[in-house]
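Structure file entry.txt; described as compact mmCIF, C-alpha atoms.
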```txt
# COMPACT_ATOMS: atom_id res chain seq x y z
CA MET A 9 0.00 0.00 0.00
CA THR A 10 1.24 3.48 -0.79
CA ASP A 11 1.32 6.29 1.79
CA ALA A 12 -1.20 8.18 -0.33
CA SER A 13 -3.59 5.22 -0.32
CA ILE A 14 -3.35 4.90 3.45
CA ALA A 15 -3.99 8.60 3.92
CA ALA A 16 -7.03 8.45 1.66
CA THR A 17 -8.68 5.71 3.70
CA GLY A 18 -8.35 7.50 7.02
CA SER A 19 -6.99 4.34 8.69
CA ALA A 20 -4.04 2.00 8.41
CA PRO A 21 -5.15 -1.08 6.40
CA PRO A 22 -3.50 -4.49 6.72
CA GLY A 23 -0.08 -4.36 5.08
CA ASN A 24 1.00 -8.00 4.77
CA VAL A 25 -1.63 -8.93 2.18
CA ALA A 26 -1.52 -10.80 -1.13
CA VAL A 27 -3.83 -10.10 -4.05
CA VAL A 28 -4.94 -13.44 -5.55
CA ILE A 29 -6.21 -13.41 -9.14
CA PRO A 30 -7.68 -16.57 -10.72
CA ALA A 31 -7.43 -16.37 -14.50
CA LEU A 32 -8.91 -18.48 -17.30
CA ASN A 33 -8.34 -17.15 -20.82
CA GLU A 34 -7.96 -13.55 -19.69
CA ALA A 35 -5.45 -12.31 -22.29
CA LEU A 36 -7.74 -9.36 -23.11
CA ARG A 37 -7.48 -7.66 -19.69
CA ILE A 38 -5.08 -9.59 -17.44
CA ARG A 39 -2.11 -7.26 -17.85
CA ASP A 40 -4.12 -4.18 -16.89
CA VAL A 41 -5.67 -6.06 -13.95
CA VAL A 42 -2.30 -7.19 -12.61
CA GLN A 43 -0.63 -3.82 -13.09
CA GLY A 44 -3.51 -2.18 -11.24
CA ALA A 45 -3.17 -4.66 -8.37
CA LEU A 46 0.61 -4.11 -8.20
CA ALA A 47 0.03 -0.36 -7.88
CA GLN A 48 -1.85 -1.08 -4.64
CA CYS A 49 -0.07 -4.16 -3.25
CA ARG A 50 3.45 -5.53 -3.63
CA HIS A 51 2.37 -9.17 -3.41
CA VAL A 52 0.28 -10.50 -6.30
CA ILE A 53 -0.42 -14.17 -7.02
CA VAL A 54 -1.96 -15.15 -10.37
CA ILE A 55 -3.34 -18.64 -10.97
CA ASP A 56 -3.54 -19.47 -14.68
CA ASP A 57 -6.25 -22.14 -14.79
CA GLY A 58 -5.20 -23.96 -17.96
CA SER A 59 -5.56 -20.96 -20.29
CA ASP A 60 -4.87 -21.50 -23.99
CA ASP A 61 -4.94 -17.86 -25.14
CA GLY A 62 -1.53 -16.67 -23.89
CA THR A 63 -2.78 -15.32 -20.54
CA ALA A 64 0.45 -16.23 -18.70
CA GLU A 65 2.64 -14.77 -21.44
CA ARG A 66 0.88 -11.40 -21.12
CA ILE A 67 2.24 -10.98 -17.57
CA SER A 68 5.49 -12.97 -17.77
CA ASP A 69 7.63 -9.85 -17.23
CA LEU A 70 5.70 -8.57 -14.21
CA PRO A 71 6.87 -9.13 -10.58
CA VAL A 72 4.14 -11.60 -9.58
CA THR A 73 3.94 -15.18 -8.35
CA LEU A 74 2.47 -17.18 -11.24
CA LEU A 75 0.93 -20.60 -10.61
CA ARG A 76 -0.18 -22.63 -13.64
CA HIS A 77 -2.64 -25.49 -13.97
CA ALA A 78 -1.88 -27.85 -16.83
CA ARG A 79 -5.63 -28.19 -17.44
CA ARG A 80 -8.71 -26.32 -16.34
CA MET A 81 -9.53 -27.15 -12.70
CA GLY A 82 -12.11 -24.45 -11.91
CA LYS A 83 -12.22 -21.28 -9.85
CA GLY A 84 -12.48 -23.15 -6.55
CA ALA A 85 -9.21 -25.00 -7.19
CA SER A 86 -7.54 -21.75 -8.29
CA LEU A 87 -8.59 -19.97 -5.10
CA ARG A 88 -7.47 -22.88 -2.91
CA ASP A 89 -4.03 -22.84 -4.58
CA GLY A 90 -3.82 -19.06 -4.25
CA PHE A 91 -4.71 -19.21 -0.56
CA ARG A 92 -2.13 -21.94 0.08
CA GLU A 93 0.58 -19.93 -1.65
CA ALA A 94 -0.31 -16.76 0.25
CA LEU A 95 -0.17 -18.62 3.57
CA ARG A 96 3.13 -20.24 2.55
CA GLN A 97 4.47 -16.73 1.98
CA GLY A 98 3.32 -15.76 5.48
CA ARG A 99 0.58 -13.33 4.45
CA ASP A 100 -1.97 -12.17 7.01
CA GLY A 101 -4.82 -11.97 4.51
CA VAL A 102 -5.80 -12.33 0.88
CA LEU A 103 -7.70 -9.97 -1.39
CA THR A 104 -9.25 -11.68 -4.41
CA MET A 105 -10.00 -10.14 -7.80
CA ASP A 106 -11.23 -11.65 -11.04
CA GLY A 107 -8.94 -11.46 -14.05
CA ASP A 108 -11.51 -10.06 -16.49
CA GLY A 109 -11.30 -6.42 -15.42
CA GLN A 110 -14.73 -6.18 -13.77
CA HIS A 111 -13.09 -5.41 -10.42
CA SER A 112 -11.27 -2.11 -10.00
CA ALA A 113 -7.90 -2.13 -8.25
CA GLY A 114 -8.81 1.37 -7.09
CA ASP A 115 -11.24 -0.24 -4.62
CA ILE A 116 -8.48 -2.22 -2.87
CA PRO A 117 -7.63 0.54 -0.32
CA ARG A 118 -11.31 0.84 0.65
CA LEU A 119 -11.67 -2.91 1.20
CA LEU A 120 -8.49 -3.05 3.26
CA ALA A 121 -9.54 -0.02 5.30
CA ALA A 122 -12.82 -1.83 6.06
CA ALA A 123 -10.78 -4.89 7.08
CA ALA A 124 -8.93 -2.68 9.57
CA ARG A 125 -12.21 -1.40 11.00
CA HIS A 126 -13.71 -4.91 11.16
CA PRO A 127 -10.92 -7.31 12.23
CA GLY A 128 -11.60 -10.96 11.51
CA HIS A 129 -14.40 -10.25 9.01
CA VAL A 130 -14.59 -11.28 5.37
CA VAL A 131 -14.91 -8.02 3.42
CA ILE A 132 -16.97 -8.09 0.21
CA GLY A 133 -16.84 -5.50 -2.56
CA ALA A 134 -20.62 -5.22 -2.98
CA ARG A 135 -21.84 -3.97 -6.37
CA LEU A 136 -24.34 -1.51 -4.94
CA ARG A 137 -23.31 1.57 -6.92
CA LYS A 138 -24.58 2.07 -10.48
CA ARG A 139 -26.64 -1.10 -10.15
CA ALA A 140 -28.60 -0.07 -13.25
CA ASN A 141 -25.53 -1.09 -15.26
CA GLN A 142 -25.90 -4.65 -14.01
CA PRO A 143 -27.97 -6.88 -16.34
CA THR A 144 -31.41 -7.45 -14.81
CA TYR A 145 -31.08 -11.23 -14.78
CA ARG A 146 -27.75 -10.97 -12.95
CA ARG A 147 -29.14 -8.53 -10.39
CA LEU A 148 -32.15 -10.70 -9.63
CA ALA A 149 -30.01 -13.83 -9.52
CA ASN A 150 -27.57 -12.13 -7.12
CA GLN A 151 -30.41 -11.09 -4.82
CA PHE A 152 -31.73 -14.64 -4.79
CA GLY A 153 -28.20 -15.84 -4.07
CA ASP A 154 -27.97 -13.48 -1.10
CA TRP A 155 -31.19 -14.96 0.28
CA GLY A 156 -29.83 -18.49 -0.15
CA ILE A 157 -26.46 -17.70 1.43
CA ALA A 158 -28.25 -16.33 4.48
CA TRP A 159 -29.72 -19.79 5.14
CA GLY A 160 -26.19 -21.18 5.23
CA THR A 161 -24.54 -18.48 7.31
CA GLY A 162 -27.42 -17.48 9.60
CA TYR A 163 -27.02 -13.79 8.70
CA GLN A 164 -27.72 -11.61 5.67
CA VAL A 165 -24.98 -10.60 3.22
CA ALA A 166 -25.03 -7.79 0.67
CA ASP A 167 -23.81 -9.14 -2.71
CA SER A 168 -22.65 -12.55 -1.56
CA GLN A 169 -21.81 -13.44 -5.18
CA SER A 170 -19.10 -10.80 -5.64
CA GLY A 171 -15.63 -12.21 -6.26
CA GLN A 172 -13.80 -9.13 -4.97
CA ARG A 173 -13.21 -9.99 -1.31
CA TYR A 174 -10.76 -9.74 1.54
CA TYR A 175 -10.23 -12.96 3.50
CA PRO A 176 -8.37 -13.05 6.84
CA ALA A 177 -5.67 -15.71 7.05
CA ALA A 178 -7.81 -17.84 9.39
CA VAL A 179 -10.49 -18.15 6.71
CA CYS A 180 -7.91 -18.90 4.00
CA ALA A 181 -6.56 -21.69 6.20
CA LEU A 182 -9.89 -23.53 6.52
CA ASP A 183 -9.45 -27.17 5.54
CA ASP A 184 -11.79 -29.27 3.43
CA VAL A 185 -14.11 -26.49 2.25
CA PRO A 186 -16.34 -28.42 -0.21
CA GLY A 187 -17.54 -27.20 -3.58
CA GLU A 188 -15.96 -26.49 -6.92
CA ASP A 189 -16.05 -23.55 -9.34
CA PHE A 190 -18.37 -20.78 -8.08
CA VAL A 191 -19.87 -23.04 -5.40
CA PHE A 192 -16.60 -22.70 -3.47
CA GLU A 193 -17.09 -18.96 -3.04
CA ALA A 194 -20.52 -19.57 -1.52
CA GLN A 195 -19.35 -22.43 0.69
CA ILE A 196 -16.35 -20.65 2.16
CA LEU A 197 -18.69 -18.00 3.62
CA ILE A 198 -20.82 -20.77 5.14
CA SER A 199 -17.81 -22.69 6.46
CA ALA A 200 -16.28 -19.54 7.94
CA ALA A 201 -19.56 -18.68 9.70
CA ARG A 202 -20.06 -22.16 11.12
CA GLU A 203 -16.49 -23.08 12.02
CA LEU A 204 -15.03 -19.71 13.01
CA GLY A 205 -18.07 -17.53 13.71
CA THR A 206 -16.89 -15.20 10.95
CA ARG A 207 -19.25 -12.56 9.54
CA CYS A 208 -19.11 -10.57 6.32
CA VAL A 209 -19.04 -6.81 5.93
CA SER A 210 -19.82 -5.28 2.53
CA VAL A 211 -18.15 -2.22 1.01
CA PRO A 212 -20.14 -0.48 -1.76
CA ILE A 213 -18.36 -0.52 -5.12
CA GLU A 214 -19.52 0.18 -8.67
CA SER A 215 -21.05 -2.43 -10.94
CA ARG A 216 -18.71 -2.74 -13.93
CA TYR A 217 -20.31 -4.29 -17.01
CA LYS A 218 -20.13 -3.64 -20.72
CA THR A 219 -22.84 -1.11 -21.62
CA VAL A 220 -23.81 0.92 -24.68
CA HIS A 221 -22.05 4.00 -23.33
CA SER A 222 -18.96 2.18 -22.07
CA GLY A 223 -15.73 1.86 -24.02
CA GLU A 224 -14.43 -0.92 -21.79
CA GLN A 225 -14.18 -4.40 -23.25
CA PHE A 226 -14.94 -7.50 -21.17
CA ARG A 227 -14.84 -11.10 -22.30
CA ALA A 228 -18.01 -13.18 -22.00
CA SER A 229 -18.56 -14.22 -18.39
CA HIS A 230 -17.54 -17.73 -17.31
CA PHE A 231 -20.54 -17.61 -14.96
CA LYS A 232 -23.53 -19.36 -16.50
CA PRO A 233 -26.62 -18.24 -14.51
CA LEU A 234 -28.83 -21.29 -15.06
CA ARG A 235 -26.10 -23.86 -14.56
CA ASP A 236 -24.10 -22.18 -11.81
CA PHE A 237 -27.00 -20.85 -9.75
CA SER A 238 -28.67 -24.25 -9.83
CA ARG A 239 -25.44 -25.76 -8.52
CA ILE A 240 -25.01 -23.09 -5.85
CA THR A 241 -28.67 -23.23 -4.78
CA SER A 242 -28.81 -27.04 -4.54
CA HIS A 243 -25.55 -27.04 -2.59
CA ILE A 244 -26.75 -24.40 -0.11
CA VAL A 245 -30.16 -26.06 0.36
CA LEU A 246 -28.45 -29.35 1.17
CA GLN A 247 -26.11 -27.61 3.62
CA ALA A 248 -29.05 -25.87 5.33
CA LEU A 249 -31.04 -29.09 5.65
CA ARG A 250 -28.05 -30.91 7.12
CA HIS A 251 -27.55 -28.13 9.64
CA GLY A 252 -31.15 -28.45 10.86
CA ASP A 253 -33.15 -26.27 13.25
CA MET A 254 -34.52 -24.15 10.41
CA LEU A 255 -36.68 -22.04 12.71
CA ALA A 256 -33.63 -20.93 14.69
CA VAL A 257 -31.80 -20.12 11.45
CA HIS A 258 -34.79 -18.10 10.24
CA ARG A 259 -34.80 -16.07 13.45
CA SER A 260 -31.05 -15.50 13.20
CA ILE A 261 -31.36 -14.27 9.61
CA ARG A 262 -34.06 -11.76 10.53
CA ALA A 263 -32.03 -10.53 13.49
CA ASN A 264 -28.86 -9.98 11.43
CA PRO A 265 -29.30 -7.62 8.44
CA PRO A 266 -26.44 -6.95 6.02
CA LEU A 267 -23.48 -5.14 7.57
CA ILE A 268 -22.44 -2.28 5.26
CA ASP A 269 -19.15 -0.43 5.81
CA ASP A 270 -19.91 2.99 4.36
CA PRO A 271 -18.39 5.95 6.25
CA ASP A 272 -20.17 8.41 3.94
CA GLY A 273 -23.58 7.01 4.91
CA GLU A 274 -24.69 6.40 1.33
CA PHE A 275 -25.59 2.76 1.94
CA GLY A 276 -26.31 2.31 5.64
CA THR A 277 -28.01 -0.92 6.70
CA ALA A 278 -31.44 0.72 6.99
CA SER A 279 -31.06 2.34 3.55
CA PHE A 280 -30.05 -0.96 1.99
CA ALA A 281 -32.97 -2.79 3.57
CA ARG A 282 -35.43 -0.29 2.11
CA THR A 283 -34.04 -0.54 -1.42
CA SER A 284 -33.26 -4.26 -1.56
CA THR A 285 -35.67 -6.61 -3.33
CA GLN A 286 -34.16 -9.81 -1.98
CA PRO A 287 -36.75 -12.22 -0.52
CA SER A 288 -37.37 -11.95 3.19
CA GLY A 289 -36.32 -14.79 5.48
```
Show how you would write the structure in this file as structure tokens.
Amino acid sequence: MTDASIAATGSAPPGNVAVVIPALNEALRIRDVVQGALAQCRHVIVIDDGSDDGTAERISDLPVTLLRHARRMGKGASLRDGFREALRQGRDGVLTMDGDGQHSAGDIPRLLAAAARHPGHVVIGARLRKRANQPTYRRLANQFGDWGIAWGTGYQVADSQSGQRYYPAAVCALDDVPGEDFVFEAQILISAARELGTRCVSVPIESRYKTVHSGEQFRASHFKPLRDFSRITSHIVLQALRHGDMLAVHRSIRANPPLIDDPDGEFGTASFARTSTQPSG
């Protein structure tokens, strides 16, 4: 972190952090993503998940740790490998970003500042700003996903599907977190809540999608709503049923609204509750 970044946040964010970037065929944007991350953090780990478009070659001259899968193993496997490498390096936390450019490195100081204000929490970059830019089907699917995640964690989360997150080392070190691909990102929140008592705090960020008035180019998403949400939903439902005592979980969900870290007061918890269309518990 630069001195200017620390001054801008108003607090001293965690310093011994690695940025972990899973990448599958991200030649279009990966260099910009990695350079942006390096401008905010000295330690960057990229996991090339069997790309065949020259993704690794695009960043071969940059000062990063590059892990390569000989074949595609999925986002869950990439994150597990990134976490293991960060812990091997002795990092105190991991900040994850996708390699397609939809996460802004400029949000890293805000997420780390929130981590300083909420020690031990998972910090989520919640796409609450400019939500009109988010495709309607993705917005509705994300809201349904938030409702489902709540049944696994016992508390509500704002934008539980976002891949831009800060994980404390204790969460990165969790063993045997089940689930592959995007299911892993849902399950690690559930496992952290149940095994460590960890909660999430969400930091409002902008939704970044290709629009008519945008000059930014993004590759087609690897996330397939019908396929991946059916996998995530069935996984969460099974986890909730195994946990049991659904009435107690319901009460816990209602008693624990989303925690929003927003010093400017733009998205306080009460404000978010009024504007959210996610199903009630």
Can you build me a table of stretch 53-98 of chain A residues sitting at most 10 Å from stretch 183-205 of chain A, with the closest atom pair per residue and its distance in Å to one decimal, using all atoms listed in the file, sorted by chain and residue number, as JSON lines?
```
{"residue": "A:Met81", "atom": "CA", "partner": "A:Asp189", "partner_atom": "CA", "distance": 8.2}
{"residue": "A:Gly82", "atom": "CA", "partner": "A:Asp189", "partner_atom": "CA", "distance": 4.8}
{"residue": "A:Lys83", "atom": "CA", "partner": "A:Asp189", "partner_atom": "CA", "distance": 4.5}
{"residue": "A:Gly84", "atom": "CA", "partner": "A:Asp189", "partner_atom": "CA", "distance": 4.5}
{"residue": "A:Ala85", "atom": "CA", "partner": "A:Glu188", "partner_atom": "CA", "distance": 6.9}
{"residue": "A:Ser86", "atom": "CA", "partner": "A:Asp189", "partner_atom": "CA", "distance": 8.8}
{"residue": "A:Leu87", "atom": "CA", "partner": "A:Phe192", "partner_atom": "CA", "distance": 8.6}
{"residue": "A:Arg88", "atom": "CA", "partner": "A:Phe192", "partner_atom": "CA", "distance": 9.1}
```
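The spacing separating atom CA of A:Val72 from atom CA of A:Ile53 amounts to 5.8 Å.
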- Query: Excluding same-chain residues fewer than 6 positions from A:Asp40, what lies within 10 Å of it counting all atoms listed in the file, as a list in words?
  - Reply: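 Neighbouring residues, sequence-local ones excluded: Leu46, Arg66, Ile67, Gly107, Asp108, Gly109 and Ala113 of chain A.
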- Suppose you want the space between atom CA of A:Ser68 and atom CA of A:Cys180; what is it in Å?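 Taking atom CA of A:Ser68 as the start and atom CA of A:Cys180 as the end point, the length is 26.2 Å.
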- Task: Between atom CA of A:Thr63 and atom CA of A:Arg118, measure the distance and give it in Å to one decimal.
- Result: 28.0 Å
- Which is closest to A:Arg80 among A:His51, A:Gln110, A:Ala31, A:Ala121, if we use all atoms listed in the file? A:Ala31
Which residues of stretch 116-175 of chain A sit at most 6 Å from stretch 206-212 of chain A, using only C-alpha atoms? Give each one's shortest atom pair and distance in Å (one decimal place), in chain and ascending residue order, as a Markdown table.
```
| residue | atom | partner | partner_atom | distance |
| --- | --- | --- | --- | --- |
| A:His129 | CA | A:Arg207 | CA | 5.4 |
| A:Val130 | CA | A:Cys208 | CA | 4.7 |
| A:Val131 | CA | A:Val209 | CA | 5.0 |
| A:Ile132 | CA | A:Ser210 | CA | 4.6 |
| A:Gly133 | CA | A:Val211 | CA | 5.0 |
| A:Ala134 | CA | A:Pro212 | CA | 4.9 |
| A:Leu136 | CA | A:Pro212 | CA | 5.4 |
```
Atoms kept (C-alpha atoms) for selection, written as a PDB file, in the coordinates of the input:
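The result, written out as part-v3.pdb:
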```
ATOM      1  CA  HIS A 129     -14.400 -10.250   9.010  1.00  0.00           C
ATOM      2  CA  VAL A 130     -14.590 -11.280   5.370  1.00  0.00           C
ATOM      3  CA  VAL A 131     -14.910  -8.020   3.420  1.00  0.00           C
ATOM      4  CA  ILE A 132     -16.970  -8.090   0.210  1.00  0.00           C
ATOM      5  CA  GLY A 133     -16.840  -5.500  -2.560  1.00  0.00           C
ATOM      6  CA  ALA A 134     -20.620  -5.220  -2.980  1.00  0.00           C
ATOM      7  CA  LEU A 136     -24.340  -1.510  -4.940  1.00  0.00           C
TER       8      LEU A 136
END
```
